[in-house]
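Here's upload-v5.txt, which has compact mmCIF, C-alpha atoms:
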```
# COMPACT_ATOMS: atom_id res chain seq x y z
CA MET A 25 23.16 61.94 -12.37
CA LEU A 26 20.91 58.92 -12.91
CA LYS A 27 21.24 57.13 -16.17
CA PRO A 28 18.03 56.94 -18.17
CA ARG A 29 16.34 53.50 -18.21
CA ARG A 30 17.14 51.45 -21.22
CA LYS A 31 14.05 50.55 -23.19
CA ILE A 32 13.60 46.77 -23.33
CA ILE A 33 12.29 45.70 -26.68
CA LYS A 34 9.96 42.70 -27.29
CA LYS A 35 12.76 40.70 -28.87
CA GLU A 36 14.82 40.85 -25.68
CA LEU A 37 11.85 39.89 -23.51
CA LYS A 38 11.54 36.65 -25.39
CA LYS A 39 15.08 35.77 -24.47
CA ASP A 40 14.06 35.50 -20.82
CA PRO A 41 13.73 31.68 -20.20
CA TYR A 42 10.69 31.97 -17.92
CA ILE A 43 8.83 34.35 -20.20
CA GLU A 44 9.82 32.25 -23.20
CA PHE A 45 8.44 29.13 -21.45
CA LEU A 46 5.13 30.88 -20.76
CA ALA A 47 4.94 32.11 -24.32
CA ASN A 48 5.57 28.64 -25.72
CA ALA A 49 3.07 27.10 -23.30
CA LYS A 50 0.37 29.55 -24.36
CA GLU A 51 1.16 28.99 -28.02
CA ASN A 52 0.96 25.21 -27.49
CA LEU A 53 -2.31 25.55 -25.61
CA ASP A 54 -3.84 27.71 -28.31
CA LYS A 55 -2.65 25.35 -31.00
CA ASN A 56 -3.89 22.16 -29.30
CA GLN A 57 -6.91 23.52 -27.46
CA SER A 58 -9.33 21.00 -28.91
CA PHE A 59 -6.98 18.12 -28.02
CA TYR A 60 -6.72 19.23 -24.37
CA GLN A 61 -10.47 19.71 -24.20
CA LYS A 62 -10.92 16.10 -25.33
CA ILE A 63 -8.52 14.91 -22.62
CA LEU A 64 -10.37 16.91 -19.98
CA LEU A 65 -13.72 15.65 -21.22
CA GLY A 66 -12.40 12.08 -21.18
CA ALA A 67 -11.20 12.45 -17.59
CA VAL A 68 -14.60 13.83 -16.52
CA VAL A 69 -16.41 10.96 -18.28
CA ALA A 70 -14.08 8.42 -16.62
CA ILE A 71 -14.79 9.89 -13.17
CA PHE A 72 -18.55 9.80 -13.76
CA ALA A 73 -18.28 6.21 -15.05
CA ILE A 74 -16.39 5.09 -11.92
CA VAL A 75 -18.95 6.78 -9.64
CA PHE A 76 -21.80 5.21 -11.62
CA LEU A 77 -20.26 1.73 -11.47
CA LEU A 78 -19.68 2.01 -7.71
CA ASN A 79 -23.26 3.14 -7.12
CA ASN A 80 -24.56 0.50 -9.50
CA ASN A 81 -22.55 -2.19 -7.71
CA GLN A 82 -24.02 -1.15 -4.35
CA GLY A 83 -27.48 -1.20 -5.91
CA ASN A 84 -26.91 -4.67 -7.34
CA LYS A 85 -25.81 -5.96 -3.93
CA ALA A 86 -28.96 -4.66 -2.28
CA ILE A 87 -31.22 -6.11 -5.00
CA SER A 88 -29.46 -9.48 -5.01
CA LYS A 89 -29.74 -9.75 -1.22
CA GLU A 90 -33.45 -9.02 -1.40
CA LEU A 91 -34.01 -11.60 -4.15
CA LEU A 92 -31.94 -14.21 -2.28
CA GLY A 93 -34.01 -13.57 0.85
CA LYS A 94 -37.24 -14.14 -1.09
CA ALA A 95 -35.85 -17.39 -2.52
CA LEU A 96 -34.94 -18.60 0.99
CA ILE A 97 -38.45 -17.82 2.24
CA THR A 98 -39.91 -19.72 -0.72
CA MET A 99 -37.68 -22.70 0.09
CA ALA A 100 -38.59 -22.53 3.79
CA ASN A 101 -42.27 -22.68 2.80
CA GLY A 102 -41.60 -25.95 1.00
CA ASP A 103 -41.99 -24.63 -2.55
CA ILE A 104 -38.74 -26.13 -3.80
CA ASP A 105 -39.46 -25.78 -7.52
CA ASN A 106 -40.09 -22.04 -7.35
CA ALA A 107 -37.19 -21.59 -4.93
CA ARG A 108 -34.93 -23.33 -7.45
CA ILE A 109 -36.05 -20.92 -10.20
CA GLN A 110 -35.40 -17.93 -7.93
CA PHE A 111 -31.96 -19.22 -6.91
CA GLU A 112 -31.09 -19.79 -10.58
CA PHE A 113 -32.08 -16.20 -11.42
CA VAL A 114 -29.89 -14.77 -8.64
CA SER A 115 -27.05 -17.09 -9.67
CA ASP A 116 -27.26 -16.03 -13.33
CA GLU A 117 -27.72 -12.30 -12.77
CA TYR A 118 -25.53 -11.74 -9.70
CA GLY A 119 -23.02 -14.58 -9.85
CA ASN A 120 -20.09 -12.28 -9.08
CA ASN A 121 -21.19 -11.16 -5.62
CA GLU A 122 -21.80 -13.06 -2.39
CA SER A 123 -25.57 -13.37 -2.91
CA GLY A 124 -24.91 -15.01 -6.29
CA SER A 125 -22.41 -17.40 -4.71
CA LEU A 126 -24.88 -18.25 -1.95
CA ALA A 127 -27.57 -18.92 -4.56
CA LYS A 128 -25.17 -21.41 -6.18
CA TYR A 129 -24.53 -22.97 -2.77
CA TYR A 130 -28.26 -23.53 -2.20
CA LEU A 131 -28.68 -24.91 -5.72
CA ALA A 132 -25.83 -27.34 -5.01
CA ARG A 133 -27.54 -28.27 -1.75
CA LEU A 134 -30.86 -28.95 -3.49
CA HIS A 135 -29.18 -31.20 -6.08
CA PHE A 136 -27.16 -32.92 -3.36
CA ASN A 137 -30.29 -33.68 -1.30
CA GLU A 138 -31.87 -35.17 -4.43
CA GLU A 139 -28.70 -37.30 -4.89
CA ASP A 140 -28.05 -35.53 -8.18
CA TYR A 141 -24.33 -35.39 -7.50
CA LEU A 142 -23.44 -34.33 -11.02
CA GLY A 143 -25.67 -31.25 -10.75
CA ALA A 144 -24.39 -30.53 -7.24
CA THR A 145 -20.77 -30.81 -8.36
CA SER A 146 -21.40 -28.37 -11.21
CA TYR A 147 -22.46 -25.61 -8.79
CA LEU A 148 -19.89 -26.55 -6.15
CA ASN A 149 -17.09 -26.18 -8.69
CA GLU A 150 -18.27 -22.63 -9.40
CA ILE A 151 -17.95 -21.69 -5.72
CA ARG A 152 -14.95 -23.90 -4.92
CA ASN A 153 -12.75 -20.88 -4.11
CA ALA A 154 -15.51 -18.54 -2.90
CA LYS A 155 -15.05 -17.24 0.65
CA PHE A 156 -18.29 -16.73 2.52
CA ALA A 157 -18.63 -14.34 5.44
CA LEU A 158 -20.17 -17.12 7.55
CA ASN A 159 -17.86 -20.11 7.98
CA HIS A 160 -20.87 -22.42 8.09
CA PHE A 161 -21.13 -22.18 4.30
CA ASN A 162 -17.41 -22.83 3.76
CA ILE A 163 -17.57 -25.91 6.01
CA SER A 164 -20.76 -27.25 4.43
CA LYS A 165 -19.43 -26.67 0.89
CA TYR A 166 -16.33 -28.78 1.47
CA LYS A 167 -18.28 -31.46 3.33
CA MET A 168 -20.60 -31.86 0.33
CA MET A 169 -17.57 -32.17 -1.93
CA ALA A 170 -16.07 -34.77 0.44
CA LEU A 171 -19.25 -36.84 0.54
CA ILE A 172 -19.54 -36.77 -3.26
CA ALA A 173 -15.91 -37.89 -3.51
CA MET A 174 -16.71 -40.77 -1.15
CA GLU A 175 -19.66 -41.76 -3.34
CA ASN A 176 -17.11 -42.03 -6.16
CA GLU A 177 -14.77 -43.97 -3.84
CA ASP A 178 -12.13 -41.27 -4.21
CA TYR A 179 -11.05 -41.34 -0.56
CA ASP A 180 -7.91 -39.25 -0.99
CA GLU A 181 -9.97 -36.41 -2.43
CA ALA A 182 -12.58 -36.85 0.30
CA ILE A 183 -9.87 -36.54 2.97
CA SER A 184 -8.54 -33.41 1.26
CA TYR A 185 -11.98 -31.76 1.31
CA TYR A 186 -12.59 -32.74 4.94
CA GLU A 187 -9.24 -31.20 5.86
CA ARG A 188 -10.26 -27.96 4.13
CA SER A 189 -13.56 -28.09 5.96
CA LEU A 190 -11.70 -28.58 9.25
CA SER A 191 -9.45 -25.58 8.56
CA ASN A 192 -12.58 -23.39 8.32
CA ALA A 193 -14.11 -24.67 11.57
CA ASP A 194 -13.75 -22.19 14.43
CA LEU A 195 -16.04 -23.91 16.95
CA GLN A 196 -14.71 -26.87 18.91
CA GLU A 197 -17.87 -28.91 18.37
CA GLN A 198 -17.51 -28.45 14.59
CA GLN A 199 -13.85 -29.43 14.78
CA HIS A 200 -14.69 -32.61 16.69
CA LEU A 201 -17.46 -33.55 14.27
CA ILE A 202 -15.23 -33.15 11.21
CA SER A 203 -12.33 -34.91 12.96
CA LEU A 204 -14.54 -37.95 13.54
CA ASP A 205 -15.61 -37.92 9.87
CA LEU A 206 -11.92 -37.89 8.94
CA ALA A 207 -11.23 -40.72 11.39
CA ASP A 208 -14.02 -42.74 9.76
CA ILE A 209 -12.46 -42.33 6.30
CA ALA A 210 -9.00 -43.12 7.66
CA LEU A 211 -10.43 -46.35 9.10
CA THR A 212 -11.95 -47.20 5.70
CA THR A 213 -8.58 -46.73 4.00
CA GLY A 214 -6.78 -48.76 6.68
CA ASP A 215 -4.90 -45.83 8.20
CA TYR A 216 -5.46 -47.00 11.77
CA SER A 217 -2.86 -44.78 13.41
CA ARG A 218 -4.36 -41.56 12.08
CA SER A 219 -7.87 -42.78 12.81
CA ILE A 220 -6.99 -43.50 16.45
CA GLU A 221 -5.14 -40.19 16.76
CA LEU A 222 -8.19 -38.20 15.59
CA VAL A 223 -10.58 -40.18 17.79
CA GLN A 224 -8.34 -39.82 20.85
CA LEU A 225 -8.20 -36.06 20.29
CA VAL A 226 -12.00 -35.89 20.50
CA LEU A 227 -12.12 -38.18 23.53
CA ASP A 228 -9.61 -35.99 25.37
CA ASN A 229 -11.33 -32.70 24.61
CA SER A 230 -15.07 -33.36 24.44
CA GLU A 231 -17.59 -33.53 27.26
CA PRO A 232 -18.33 -37.08 28.48
CA ARG A 233 -21.70 -38.39 27.29
CA SER A 234 -21.89 -35.67 24.62
CA ILE A 235 -22.83 -36.74 21.09
CA ASN A 236 -19.28 -36.38 19.79
CA HIS A 237 -17.78 -38.18 22.79
CA THR A 238 -20.21 -41.09 22.44
CA ARG A 239 -19.51 -41.36 18.72
CA ALA A 240 -15.76 -41.23 19.40
CA GLU A 241 -16.05 -44.13 21.86
CA GLU A 242 -18.00 -46.21 19.32
CA LEU A 243 -15.50 -45.41 16.56
CA PHE A 244 -12.58 -46.27 18.84
CA GLY A 245 -14.13 -49.71 19.42
CA ARG A 246 -14.60 -50.24 15.67
CA ILE A 247 -10.99 -49.29 14.99
CA LYS A 248 -9.67 -51.75 17.57
CA TYR A 249 -11.94 -54.52 16.29
CA THR A 250 -11.04 -53.91 12.63
CA GLN A 251 -7.35 -53.67 13.47
CA SER A 252 -7.35 -56.96 15.38
CA ALA A 253 -9.29 -58.73 12.63
CA SER A 254 -6.95 -57.62 9.84
```
Hey, can you dump this file as structure tokens for me?
Amino acid sequence: MLKPRRKIIKKELKKDPYIEFLANAKENLDKNQSFYQKILLGAVVAIFAIVFLLNNNQGNKAISKELLGKALITMANGDIDNARIQFEFVSDEYGNNESGSLAKYYLARLHFNEEDYLGATSYLNEIRNAKFALNHFNISKYKMMALIAMENEDYDEAISYYERSLSNADLQEQQHLISLDLADIALTTGDYSRSIELVQLVLDNSEPRSINHTRAEELFGRIKYTQSAS
């Protein structure tokens, strides 16, 4: 004969660990419902904020590129004063993206061409560690710094900037041009061995009668003359 089922009372159910866990969880949820709602709301707000910032950043990039393009057209048309104002606006408003850094580069270039080396240095220092997509800007930036250093007769610093410019050069013609500039400074400082080494490198690897080859030949003659006269 089958034994009748024992009736399980509510008190015994609560002794079951799993059921007790669920009961406690529900009680905790009911008790702290408003707190959990705040957490959920905060998470949703954070997600929307991240999406907004990403979209806003993309929008800023597009706007800054357009404004930079207009400033370049203004400069190309010879209206330097208005171009300067436009570059300054892009620099101030979008200084943290590449268009803002390029605006600072062009402002440095304008000051440099006007021989306002203090103004040029101010902008160049702001983009000293900026990495541009086109190596042309990295090379030009360091060459401006080197030339300003030479104006101040700080030849060690000029050599350092030329070396950084050389490290960014990926075209052989650029490498030869910068190597000859370095050789010229080395000659000025009396480092004849390095000067000859750089010049010989260009002579060995450049096309005869090319601009760099011709300049290398002339510089080689100057080195030999200066060395013999010293």
Take the point (-8.9, -34.7, -1.9) as written in the file and pick out every residue within 12 Å of it, counting all atoms listed in the file; give the list as a ChimeraX atom specification.
-> /A:166-167,169-174,176-189,206,209
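Atom to atom, atom CA of Asp215 of chain A and atom CA of Ala240 of chain A stand 16.3 Å apart.
You can rank A:Thr145, A:Gln251, A:Lys165, A:Leu126 by their closest distance to Thr213 of chain A using all atoms listed in the file, and at the top of that list sits A:Gln251.
What separates atom CA of Leu225 of chain A from atom CA of Thr212 of chain A is a distance of 18.7 Å.
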What does the distance from atom CA of Ser88 of chain A to atom CA of Ser123 of chain A come to in Å, to one decimal?
-> 5.9 Å
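Distances here use all atoms listed in the file; by that measure, the residue among A:Leu243, A:Ala210, A:Met99, A:Ile151 closest to Ser115 of chain A is A:Ile151.
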Quick one: what's the axis-aligned box for segment 199-212 of chain A, all listed atoms, 5 Å on every side, centre and edges in Å to one decimal, as lines of an AutoDock Vina configuration file?
```
center_x = -13.2
center_y = -38.3
center_z = 11.2
size_x = 18.5
size_y = 27.8
size_z = 21.0
```
Skipping near chain neighbours, those fewer than 6 positions away, what residues fall within 12 Å of His200 of chain A using all atoms listed in the file, listed as a list of chain:residue names?
-> A:Tyr186, A:Ser189, A:Leu190, A:Ser191, A:Ala193, A:Asp194, A:Leu206, A:Ala207, A:Leu222, A:Val223, A:Gln224, A:Leu225, A:Val226, A:Leu227, A:Asp228, A:Asn229, A:Ser230, A:Glu231, A:Ser234, A:Ile235, A:Asn236, A:His237, A:Thr238, A:Arg239, A:Ala240
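Closest to Tyr141 of chain A among A:Leu195, A:Gly214, A:Met168, A:Glu221 is A:Met168, based on only C-alpha atoms.
The smallest atom-to-atom distance between Thr250 of chain A and any of A:Asn192, A:Ser219, A:Asn159, A:Ser164, using only C-alpha atoms, is found for A:Ser219.
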With distances taken over only C-alpha atoms, the candidate from A:Phe161, A:Tyr249, A:Tyr147, A:Phe156 nearest Glu122 of chain A is A:Phe156
